[in-house]
Structures are given as C-alpha cells and as structure tokens.
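Enquirer: To start, I am sharing the structure in question, which I have written as structure tokens.
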Amino acid sequence: MVWGNGTFAAELIPISTVKFATAPETVEEAKFRIVIDAGHGGKDPGAIGASGAYEKDFNLSLAKKLYQLLEQEPLFESRLTREDDQFIELEERTAMANDWYADVLVSIHANTFEDPAVSGTETLYYNADSIALAEALQGEVASALNIRDRGMRKEDFVILTSTQMPSVIVEVGYLTNPQEETLLLSSDGQDRAAKAIFEGLKNYFSQQHQRNHDRVDPAADDSALFRNRNQQLSENKIIFSGPPDDGKKVALTFDDGPNPTVTPKVLDILKENDVQATFFILGQQVNANIDLLRRIIEEGHAIGNHSWSHPKFDSLSVEEAMNEIEKTQSALENAIGYRPSLFRPPYGALDNDMLDQLQQMNLMAVNWTVDTMDWSGNSAAEIMELVREQIYPGGIILLHDSSRNNRFDNTLDALEILIPELKAEGYSFVTVPEMLDAASAQ
C-alpha cells in the first residue's frame, strides 16, 4: 500500500532535529507556529483497520499532506513531530511543541471500535483554551468528509494535558468501519481531510485578536472564555458542552420525542430523582402530544427544536432545512405558547450556510459530548460504560425518548443507574439553558 505521493514541495523538518531556545522576539515578525503530530509510529501501530491497515501509516500520510498545505500559506510555519515510521514518546512530542513556543498542536489520529458500524469524526481537547481550536477543526472535517459529526470531547491524554498551547486530537474517522476506512485511505479522502484541517486552522487564527506567547497554566480552565464563546452566535458555532469549571454540572437531553409511551416513564424517573432535563422535540410529534409537552414544561424541563421530520440535513437545501426548523417552531409556539431558543440538528450535522440562517433566526445550535448510543439498542450496562468514559463537568448527555426501533427499556434502565451514580460523584443536573446561561425562549 502506498501512502501519499512520495514527493514534497518543501523539505520536511522534524522538530527533533531543530533547537529553539527562545520565543520569537517580536509578535509582528513571527508567523503562527503549528505543530503537526502524526499519532503512534514505529513499534506502536495504533488502531488496525478493517482491511488490516495500520493507523500509524494513515496518520503520517495525512500529516504530510497537511504540512504541504501549511507550507504554501505565508501565515504559517509548521513542523512535524515525525516524518517517518519512528516511535516517539508522548512527552517528547509535547516537549517539542513547548520548546518551539508553538501556537497550536494538532495531533492526527483515526479511531477504532469493536462494532464496525460505528462511524464519524470527533475532536478531543483538555484545556478550555483549546475549545475554540477544537470547534474550528471539528466542523470543517465532518463537513468535508460528509460523515457523522460526533462533536468534541474532553480527554486527559498526555498530548493534550502537557502542552502549553491550545492542542487537540483530531480523530478523523473509524478505520474499523469498512466504508469509512476506504474513504480515509483514499487519496481523495486524505486530500479533503487535510484541506478541512487547513481551513479550520485559518478560521481559528483569523478569529484571534492578537498573538500571545505568554502561555496559561495548562491546569486552569477559563470559564469566562467559554461563556463568551457560547454566547457569540455570530461566530457560527455549534455548542457541545457547558463551562467545565462552573461546578460539576451536567445536562440530560432527550431527542426525537415526545412519545406517548416512553416520555411519561422518563418524566416519572426524572421527577422521582428531582432532576430537570432538556427535550429536543420533533415537530411532527407536537400536535398529538400537546398535554405531554405541557407536562414537560410544568415539571421544570426545557424544550428545544429538533426539526420537523428528522431528515439528514446534508441532503437538504438551506431553504428546505430552514423550513423543517420553522415548521417546528410554529407548532411548538401554538402548543406551548413560545418558540424555543435551542436547536439540535438531526445527526448533529449543519453546514456553515445553515448556521448563518440559524443565527438570523436567533437559534442556538446545541449538540452533545456524551453519546450513549441508546438508539442502537445498547444495553443499560453498555450505556453506562459510555457515560463513565465520556462524562466530565459541563457535559451534555444524549439520550432518546423515542425510537424507530421501539427500543426503550435500555434507556429507562440506564437512567435508573445514571442519575444516582452521577449524583454520588458530586454532579448536579441542569437544563441546557441553565448550563449555558441562556434563555429558554426566543
């Protein structure tokens, strides 16, 4: 198997061969410094794909393509942590970036899961100052590859916790998914992914008002920065979580309802545990369940818009997508007396033109950080395993109170475990508007 085209417009210089003792003397003369980390390598192959391909090879091939694009942009100066199949300790990789006073570190990876049907791209971060970078890259990659947008997730991996600059891990897709692996290993797929990360970096730096080489404490979270980011709808961002240091708050969310059989049982469990949640409603479910919607509101829960019929927005025109949203807003206003301020896109995907229109409609797009996969029929134990892996303060948990597969008991059973367990760990449950300090209604 051939990885990349074997030729480069400029010489690839690994950071390990260059010494940088001091930061740039003047901000005006310096380019933005970007470290590209090709994950794994050498004795560490990383994930093994459906065809037997090694993740380390994919990571390096994509990293080199990204490097080539960055070298052609006068705004940037870039370095690779490795340029061939060598093993480099994680601490060495972060030291390379820190010693070079890099502005960002982007670590390239592919994902793996025992279920070959699992797919999608996600971006991992740790510090609050990395959230804007994660958002800038996540949306671009998901859109460019036209695969599931799994959002952003906070993780305490060494490559994220030991850097003194914004840093992210881009999990481009799942090598264990045969269709996705074919895309990721193809020249076209890698070109699209590299271009997406490149465009995301340009967008990220264009939004920075000034260069700042005085790095913050990596252990410190910037709650004010996070709130400001969430409130700036003009930046066309999708929100994935709340402030990580605003107490141990989490939000339970339920999609695709209301369902006359399941939603009352969900509400009963929430009431018994004195927990408020957020329900993202399908417009076509409204008229037949008005009393149930009113119960949701009367018991202190929040309501959001989840489109009229749950289509794949990437198959719709902007006009068709906005019609799905507006029909639901109107139906909810007629049923409950107000238009919600929150919108969750079906399958979590929106393009930039749709985000522009959402801004004009004064709607906030909200996805999630914890995907329980309950819709797939995951058992309560499997749901809880995902929650324990992905939960952190500020997290938004995705569940469903309606399902085309008519699988509900797993969600209800998981709720009976999830709520007391997280409470015992010190978490408190809030609605999404409470978490984001936003109004429930327009």
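Residues are referred to by chain and number: the chain letter is A, B, ... according to the order shown in the structure tokens, the number counts from 1 in that chain, and ligands are numbered separately from 1 in the order shown.
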Would you kindly return, as a ChimeraX atom specification, each protein, DNA or RNA residue with an atom no farther than 10 Å from any atom of Asp84 in chain A, considering only C-alpha atoms and excluding same-chain residues fewer than 6 positions away?
Expert: /A:14,38,41-42,56-57,60-61,64
Enquirer: Env of Ile396 in chain A: 8 Å cut, atoms = only C-alpha atoms, seq-sep filter 3 positions within chain, self excluded. Answer as a list in words.
Expert: Phe240, Ser241, Gly242, Val250, Ala251, Leu252, Thr253, Asn367, Trp368, Thr369, Val370 and Val432 of chain A
Enquirer: Could you write out that same residue set with N, CA and C atoms as a PDB file, in the first residue's frame?
Expert:
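The file below, result.pdb, is the result:
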ATOM      1  N   PHE A 240     -21.242  22.268  22.205  1.00  0.00           N
ATOM      2  CA  PHE A 240     -21.206  20.860  22.583  1.00  0.00           C
ATOM      3  C   PHE A 240     -21.265  20.650  24.094  1.00  0.00           C
ATOM      4  N   SER A 241     -20.859  21.637  24.876  1.00  0.00           N
ATOM      5  CA  SER A 241     -20.831  21.440  26.331  1.00  0.00           C
ATOM      6  C   SER A 241     -20.886  22.784  27.026  1.00  0.00           C
ATOM      7  N   GLY A 242     -21.030  22.718  28.354  1.00  0.00           N
ATOM      8  CA  GLY A 242     -21.070  23.921  29.158  1.00  0.00           C
ATOM      9  C   GLY A 242     -19.720  24.218  29.781  1.00  0.00           C
ATOM     10  N   VAL A 250     -24.014  18.780  34.759  1.00  0.00           N
ATOM     11  CA  VAL A 250     -24.222  18.039  33.517  1.00  0.00           C
ATOM     12  C   VAL A 250     -25.670  18.243  33.091  1.00  0.00           C
ATOM     13  N   ALA A 251     -25.919  18.022  31.811  1.00  0.00           N
ATOM     14  CA  ALA A 251     -27.273  18.180  31.287  1.00  0.00           C
ATOM     15  C   ALA A 251     -27.719  16.891  30.616  1.00  0.00           C
ATOM     16  N   LEU A 252     -28.879  16.390  31.028  1.00  0.00           N
ATOM     17  CA  LEU A 252     -29.514  15.266  30.350  1.00  0.00           C
ATOM     18  C   LEU A 252     -30.374  15.800  29.215  1.00  0.00           C
ATOM     19  N   THR A 253     -30.246  15.228  28.023  1.00  0.00           N
ATOM     20  CA  THR A 253     -31.087  15.649  26.906  1.00  0.00           C
ATOM     21  C   THR A 253     -31.715  14.427  26.256  1.00  0.00           C
ATOM     22  N   ASN A 367     -25.267  20.477  20.355  1.00  0.00           N
ATOM     23  CA  ASN A 367     -25.106  19.044  20.172  1.00  0.00           C
ATOM     24  C   ASN A 367     -24.850  18.369  21.519  1.00  0.00           C
ATOM     25  N   TRP A 368     -23.829  17.546  21.648  1.00  0.00           N
ATOM     26  CA  TRP A 368     -23.636  16.782  22.878  1.00  0.00           C
ATOM     27  C   TRP A 368     -22.171  16.388  23.013  1.00  0.00           C
ATOM     28  N   THR A 369     -21.801  15.962  24.197  1.00  0.00           N
ATOM     29  CA  THR A 369     -20.454  15.448  24.435  1.00  0.00           C
ATOM     30  C   THR A 369     -20.469  13.972  24.817  1.00  0.00           C
ATOM     31  N   VAL A 370     -21.600  13.479  25.290  1.00  0.00           N
ATOM     32  CA  VAL A 370     -21.717  12.067  25.688  1.00  0.00           C
ATOM     33  C   VAL A 370     -22.786  11.411  24.823  1.00  0.00           C
ATOM     34  N   VAL A 432     -30.178  22.539  29.637  1.00  0.00           N
ATOM     35  CA  VAL A 432     -29.185  23.159  28.755  1.00  0.00           C
ATOM     36  C   VAL A 432     -29.225  24.689  28.856  1.00  0.00           C
TER      37      VAL A 432
END
Enquirer: Which parts of range 24-232 of chain A does DSSP call helix (DSSP H, G or I) when run on the backbone here, written out as a ChimeraX atom specification?
Expert: /A:55-71,90-99,128-145,158-161,178-185,187-206,223-231
Enquirer: Can you work out the spacing between CA of Ala381 in chain A and CA of Ala414 in chain A in Å, to one decimal?
Expert: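 For CA of Ala381 in chain A relative to CA of Ala414 in chain A, the distance reads 7.2 Å.
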Enquirer: So, with only C-alpha atoms as the atoms that count, which of A:Ile297, A:Leu398, A:Ala193, A:Val266 lies closest to Val366 in chain A?
Expert: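 Smallest separation from Val366 in chain A among the options: A:Leu398.
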Enquirer: Within 9 Å of range 299-302 of chain A, counting only C-alpha atoms, which residues show up once you throw out same-chain ones fewer than 4 positions away? Write them as JSON, numbers by chain, please.
Expert: {"A": [267, 271, 275, 276, 277, 278, 279, 280, 294, 295, 340, 430, 431, 432, 433, 440]}
Enquirer: Any chance you could tabulate, as a tab-separated table, the residues of range 117-193 of chain A at most 7 Å from range 97-105 of chain A with each one's nearest atom pair and distance in Å to one decimal, using only C-alpha atoms, in chain and rising number order?
Expert:
residue	atom	partner	partner_atom	distance
A:Thr163	CA	A:Asn98	CA	6.2
A:Gln164	CA	A:Asn98	CA	6.0
A:Met165	CA	A:Val104	CA	5.6
A:Pro166	CA	A:Val104	CA	5.1
A:Ser167	CA	A:Leu105	CA	4.6
A:Val168	CA	A:Leu105	CA	6.5
Enquirer: Return as a PyMOL selection string the full set of residues in range 323-373 of chain A whose backbone-based DSSP assignment is strand (DSSP E).
Expert: chain A and resi 342-343+364-365+370-371
Enquirer: With all heavy atoms retained, export the selected residues as a PDB file, in the first residue's frame.
Expert:
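Contents of result11.pdb, freshly written:
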ATOM      1  N   LEU A 342     -33.348  26.953  21.504  1.00  0.00           N
ATOM      2  CA  LEU A 342     -32.347  25.930  21.215  1.00  0.00           C
ATOM      3  C   LEU A 342     -32.756  25.087  20.014  1.00  0.00           C
ATOM      4  O   LEU A 342     -33.943  24.779  19.824  1.00  0.00           O
ATOM      5  CB  LEU A 342     -32.166  24.987  22.412  1.00  0.00           C
ATOM      6  CG  LEU A 342     -31.845  25.603  23.771  1.00  0.00           C
ATOM      7  CD1 LEU A 342     -31.727  24.505  24.810  1.00  0.00           C
ATOM      8  CD2 LEU A 342     -30.569  26.428  23.707  1.00  0.00           C
ATOM      9  N   PHE A 343     -31.754  24.707  19.224  1.00  0.00           N
ATOM     10  CA  PHE A 343     -31.989  23.784  18.115  1.00  0.00           C
ATOM     11  C   PHE A 343     -30.899  22.722  18.118  1.00  0.00           C
ATOM     12  O   PHE A 343     -29.715  23.033  18.268  1.00  0.00           O
ATOM     13  CB  PHE A 343     -31.969  24.514  16.773  1.00  0.00           C
ATOM     14  CG  PHE A 343     -32.001  23.574  15.593  1.00  0.00           C
ATOM     15  CD1 PHE A 343     -33.139  22.844  15.313  1.00  0.00           C
ATOM     16  CD2 PHE A 343     -30.885  23.413  14.781  1.00  0.00           C
ATOM     17  CE1 PHE A 343     -33.175  21.947  14.235  1.00  0.00           C
ATOM     18  CE2 PHE A 343     -30.914  22.530  13.703  1.00  0.00           C
ATOM     19  CZ  PHE A 343     -32.060  21.799  13.435  1.00  0.00           C
ATOM     20  N   MET A 364     -29.837  28.900  18.892  1.00  0.00           N
ATOM     21  CA  MET A 364     -28.540  28.397  19.324  1.00  0.00           C
ATOM     22  C   MET A 364     -28.472  26.906  19.013  1.00  0.00           C
ATOM     23  O   MET A 364     -29.327  26.137  19.442  1.00  0.00           O
ATOM     24  CB  MET A 364     -28.367  28.638  20.829  1.00  0.00           C
ATOM     25  CG  MET A 364     -27.018  28.218  21.387  1.00  0.00           C
ATOM     26  SD  MET A 364     -26.917  28.512  23.186  1.00  0.00           S
ATOM     27  CE  MET A 364     -27.059  30.298  23.245  1.00  0.00           C
ATOM     28  N   ALA A 365     -27.464  26.493  18.256  1.00  0.00           N
ATOM     29  CA  ALA A 365     -27.292  25.085  17.894  1.00  0.00           C
ATOM     30  C   ALA A 365     -26.530  24.357  18.995  1.00  0.00           C
ATOM     31  O   ALA A 365     -25.439  24.762  19.375  1.00  0.00           O
ATOM     32  CB  ALA A 365     -26.552  24.964  16.572  1.00  0.00           C
ATOM     33  N   VAL A 370     -21.600  13.479  25.290  1.00  0.00           N
ATOM     34  CA  VAL A 370     -21.717  12.067  25.688  1.00  0.00           C
ATOM     35  C   VAL A 370     -22.786  11.411  24.823  1.00  0.00           C
ATOM     36  O   VAL A 370     -23.969  11.712  24.955  1.00  0.00           O
ATOM     37  CB  VAL A 370     -22.088  11.924  27.181  1.00  0.00           C
ATOM     38  CG1 VAL A 370     -22.187  10.453  27.556  1.00  0.00           C
ATOM     39  CG2 VAL A 370     -21.086  12.645  28.064  1.00  0.00           C
ATOM     40  N   ASP A 371     -22.353  10.548  23.918  1.00  0.00           N
ATOM     41  CA  ASP A 371     -23.290   9.832  23.050  1.00  0.00           C
ATOM     42  C   ASP A 371     -23.487   8.426  23.602  1.00  0.00           C
ATOM     43  O   ASP A 371     -22.604   7.577  23.519  1.00  0.00           O
ATOM     44  CB  ASP A 371     -22.725   9.764  21.631  1.00  0.00           C
ATOM     45  CG  ASP A 371     -23.735   9.188  20.641  1.00  0.00           C
ATOM     46  OD1 ASP A 371     -24.808   8.733  21.085  1.00  0.00           O
ATOM     47  OD2 ASP A 371     -23.441   9.199  19.432  1.00  0.00           O
TER      48      ASP A 371
END
Enquirer: Hey, which of A:Ile239, A:Met96, A:Val106, A:Ile88 ends up closest to Asp44 in chain A? Count only C-alpha atoms.
Expert: A:Ile88
Enquirer: Taking only C-alpha atoms into account, name the residue in A:Asp37, A:Glu92, A:Glu333, A:Asp156 that is nearest to Ile108 in chain A.
Expert: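 Among A:Asp37, A:Glu92, A:Glu333, A:Asp156, it is A:Asp37 that comes nearest to Ile108 in chain A.
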Enquirer: What is the CA of Leu293 in chain A-CA of Leu332 in chain A distance in Å, reported with one decimal?
Expert: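 If I compute the distance from CA of Leu293 in chain A to CA of Leu332 in chain A, I get 8.9 Å.
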